[in-house]
Amino acid sequence: STGWYVNGYGSIYFTQNGGESWEKIFEKQGTFFRTIAFLDEKTGFVGTVGTDYFPNVTDTIPLYQTTDGGRSWTPV
């Protein structure tokens, strides 16, 4: 039932009901998130594409980490 979705507008979404509804839990302007993976309920990583692929992408950090289940994200 739990799932994650990231996009090229710098948003991270979370669902607890198999995708019936989604909650935006994080947003960082200028970031193009491309992938997300979790090791367990609390620890996850999200990768970006960098600044050379799409217009208006200014985030140079390639990888972020969460240790609180996705509520906050910090550069790795």
# chains A, B, ... in the order shown; residues from 1 in each chain; ligands from 1

call {"tool": "residues_around", "arguments": {"residues": "segment 7-18 of chain A", "least_positions_apart": "5", "cutoff": "7 Å", "atoms": "only C-alpha atoms", "output": "list in words"}}
result
Ser1, Thr2, Glu23, Lys24, Ile25, Phe26, Glu27, Lys28, Gln29, Gly30, Thr31, Phe32, Phe33 and Arg34 of chain A

call {"tool": "write_last_selection", "arguments": {"atoms": "all heavy atoms", "output": "tab-separated table (two decimals), in the first residue's frame"}}
result
chain	number	residue	atom	x	y	z
A	1	SER	N	0.80	-1.21	0.00
A	1	SER	CA	0.00	0.00	0.00
A	1	SER	C	0.84	1.27	0.00
A	1	SER	O	0.38	2.31	-0.41
A	1	SER	CB	-0.90	0.03	1.23
A	1	SER	OG	-1.84	-1.01	1.17
A	2	THR	N	2.07	1.18	0.51
A	2	THR	CA	2.93	2.36	0.61
A	2	THR	C	3.68	2.56	-0.70
A	2	THR	O	4.18	1.61	-1.29
A	2	THR	CB	3.95	2.17	1.75
A	2	THR	OG1	3.23	1.98	2.96
A	2	THR	CG2	4.84	3.38	1.89
A	23	GLU	N	0.19	12.47	-1.18
A	23	GLU	CA	0.51	13.65	-0.38
A	23	GLU	C	1.89	14.16	-0.80
A	23	GLU	O	2.85	13.39	-0.81
A	23	GLU	CB	0.53	13.28	1.10
A	23	GLU	CG	1.00	14.39	2.01
A	23	GLU	CD	1.21	13.92	3.45
A	23	GLU	OE1	1.00	12.74	3.75
A	23	GLU	OE2	1.60	14.78	4.26
A	24	LYS	N	1.96	15.45	-1.17
A	24	LYS	CA	3.27	16.04	-1.44
A	24	LYS	C	3.95	16.28	-0.11
A	24	LYS	O	3.44	17.02	0.73
A	24	LYS	CB	3.15	17.36	-2.20
A	24	LYS	CG	4.52	17.90	-2.61
A	24	LYS	CD	4.52	19.33	-3.14
A	24	LYS	CE	3.54	19.59	-4.21
A	24	LYS	NZ	3.63	20.98	-4.72
A	25	ILE	N	5.10	15.64	0.10
A	25	ILE	CA	5.77	15.76	1.39
A	25	ILE	C	7.05	16.59	1.33
A	25	ILE	O	7.60	16.94	2.36
A	25	ILE	CB	6.06	14.39	2.01
A	25	ILE	CG1	6.97	13.58	1.14
A	25	ILE	CG2	4.78	13.65	2.30
A	25	ILE	CD1	7.52	12.36	1.84
A	26	PHE	N	7.51	16.89	0.10
A	26	PHE	CA	8.74	17.68	-0.02
A	26	PHE	C	8.77	18.33	-1.40
A	26	PHE	O	8.31	17.75	-2.37
A	26	PHE	CB	9.97	16.78	0.15
A	26	PHE	CG	11.28	17.51	0.15
A	26	PHE	CD1	11.70	18.20	1.27
A	26	PHE	CD2	12.08	17.51	-0.97
A	26	PHE	CE1	12.91	18.87	1.28
A	26	PHE	CE2	13.30	18.17	-0.97
A	26	PHE	CZ	13.71	18.86	0.15
A	27	GLU	N	9.33	19.55	-1.45
A	27	GLU	CA	9.49	20.23	-2.73
A	27	GLU	C	10.74	21.09	-2.67
A	27	GLU	O	10.98	21.78	-1.68
A	27	GLU	CB	8.27	21.09	-3.05
A	27	GLU	CG	8.36	21.77	-4.40
A	27	GLU	CD	7.07	22.49	-4.75
A	27	GLU	OE1	6.53	23.18	-3.87
A	27	GLU	OE2	6.64	22.36	-5.89
A	28	LYS	N	11.55	21.04	-3.72
A	28	LYS	CA	12.75	21.85	-3.82
A	28	LYS	C	12.81	22.41	-5.23
A	28	LYS	O	13.08	21.67	-6.19
A	28	LYS	CB	14.00	21.04	-3.50
A	28	LYS	CG	15.25	21.87	-3.53
A	28	LYS	CD	16.37	21.12	-2.86
A	28	LYS	CE	17.68	21.74	-2.99
A	28	LYS	NZ	18.21	22.82	-2.64
A	29	GLN	N	12.54	23.69	-5.37
A	29	GLN	CA	12.55	24.33	-6.67
A	29	GLN	C	13.94	24.25	-7.29
A	29	GLN	O	14.95	24.30	-6.59
A	29	GLN	CB	12.10	25.78	-6.57
A	29	GLN	CG	10.64	25.92	-6.24
A	29	GLN	CD	10.19	27.37	-6.27
A	29	GLN	OE1	10.99	28.29	-6.34
A	29	GLN	NE2	8.90	27.57	-6.22
A	30	GLY	N	13.97	24.10	-8.61
A	30	GLY	CA	15.24	24.01	-9.32
A	30	GLY	C	15.84	22.62	-9.33
A	30	GLY	O	16.96	22.43	-9.80
A	31	THR	N	15.08	21.64	-8.82
A	31	THR	CA	15.56	20.26	-8.74
A	31	THR	C	14.73	19.36	-9.64
A	31	THR	O	13.52	19.50	-9.72
A	31	THR	CB	15.47	19.75	-7.29
A	31	THR	OG1	16.25	20.60	-6.46
A	31	THR	CG2	15.98	18.32	-7.17
A	32	PHE	N	15.39	18.46	-10.33
A	32	PHE	CA	14.72	17.44	-11.13
A	32	PHE	C	15.03	16.10	-10.47
A	32	PHE	O	16.10	15.53	-10.65
A	32	PHE	CB	15.24	17.45	-12.57
A	32	PHE	CG	14.45	16.60	-13.52
A	32	PHE	CD1	13.81	17.17	-14.60
A	32	PHE	CD2	14.35	15.23	-13.35
A	32	PHE	CE1	13.10	16.40	-15.50
A	32	PHE	CE2	13.63	14.44	-14.22
A	32	PHE	CZ	13.02	15.04	-15.32
A	33	PHE	N	14.08	15.60	-9.65
A	33	PHE	CA	14.27	14.29	-9.04
A	33	PHE	C	14.01	13.21	-10.08
A	33	PHE	O	13.06	13.29	-10.84
A	33	PHE	CB	13.31	14.10	-7.86
A	33	PHE	CG	13.63	14.96	-6.68
A	33	PHE	CD1	12.69	15.81	-6.14
A	33	PHE	CD2	14.89	14.93	-6.08
A	33	PHE	CE1	12.97	16.60	-5.04
A	33	PHE	CE2	15.19	15.72	-4.98
A	33	PHE	CZ	14.23	16.55	-4.46
A	34	ARG	N	14.87	12.20	-10.12
A	34	ARG	CA	14.73	11.15	-11.13
A	34	ARG	C	14.49	9.76	-10.56
A	34	ARG	O	13.99	8.89	-11.25
A	34	ARG	CB	15.95	11.12	-12.04
A	34	ARG	CG	17.22	10.71	-11.34
A	34	ARG	CD	18.40	10.71	-12.31
A	34	ARG	NE	19.63	10.40	-11.62
A	34	ARG	CZ	20.12	9.19	-11.47
A	34	ARG	NH1	19.47	8.16	-11.97
A	34	ARG	NH2	21.25	8.99	-10.83

call {"tool": "select_by_dssp", "arguments": {"residues": "chain A", "states": "strand (DSSP E or B)", "output": "MDAnalysis selection string"}}
result
chainID A and resid 3:6 11:15 23:27 33:38 44:48 63:66 74:75

call {"tool": "residues_around", "arguments": {"residues": "Ala37 of chain A", "least_positions_apart": "2", "cutoff": "10 Å", "atoms": "only C-alpha atoms", "output": "JSON, numbers by chain"}}
result
{"A": [4, 35, 39, 40, 43, 44, 45, 46, 47, 65]}

call {"tool": "write_last_selection", "arguments": {"atoms": "N, CA, C and O atoms", "output": "compact mmCIF listing (two decimals), in the first residue's frame"}}
result
# COMPACT_ATOMS: atom_id res chain seq x y z
N TRP A 4 5.95 5.74 -3.36
CA TRP A 4 6.61 7.02 -3.53
C TRP A 4 6.62 7.40 -4.99
O TRP A 4 6.66 6.54 -5.87
N THR A 35 14.85 9.54 -9.30
CA THR A 35 14.68 8.21 -8.73
C THR A 35 14.58 8.28 -7.22
O THR A 35 15.08 9.23 -6.61
N LEU A 39 15.58 1.94 2.02
CA LEU A 39 16.19 0.75 2.61
C LEU A 39 15.27 0.12 3.65
O LEU A 39 15.27 -1.10 3.84
N ASP A 40 14.50 0.98 4.33
CA ASP A 40 13.53 0.55 5.32
C ASP A 40 12.50 1.68 5.47
O ASP A 40 12.49 2.59 4.66
N THR A 43 14.77 5.11 6.23
CA THR A 43 15.96 5.49 5.49
C THR A 43 15.76 5.37 3.99
O THR A 43 15.48 4.29 3.48
N GLY A 44 15.91 6.51 3.30
CA GLY A 44 15.73 6.51 1.85
C GLY A 44 16.66 7.48 1.17
O GLY A 44 17.29 8.34 1.79
N PHE A 45 16.72 7.35 -0.15
CA PHE A 45 17.57 8.20 -0.98
C PHE A 45 16.79 8.64 -2.22
O PHE A 45 15.97 7.89 -2.74
N VAL A 46 17.08 9.85 -2.68
CA VAL A 46 16.49 10.36 -3.91
C VAL A 46 17.61 10.98 -4.74
O VAL A 46 18.46 11.70 -4.23
N GLY A 47 17.63 10.61 -6.03
CA GLY A 47 18.66 11.11 -6.93
C GLY A 47 18.12 12.16 -7.88
O GLY A 47 16.94 12.19 -8.20
N GLN A 65 19.23 12.32 1.19
CA GLN A 65 18.92 11.22 2.10
C GLN A 65 17.88 11.65 3.12
O GLN A 65 17.83 12.80 3.53

call {"tool": "atom_distance", "arguments": {"atom1": "atom CA of Thr48 of chain A", "atom2": "atom CA of Tyr5 of chain A"}}
result
13.2 Å
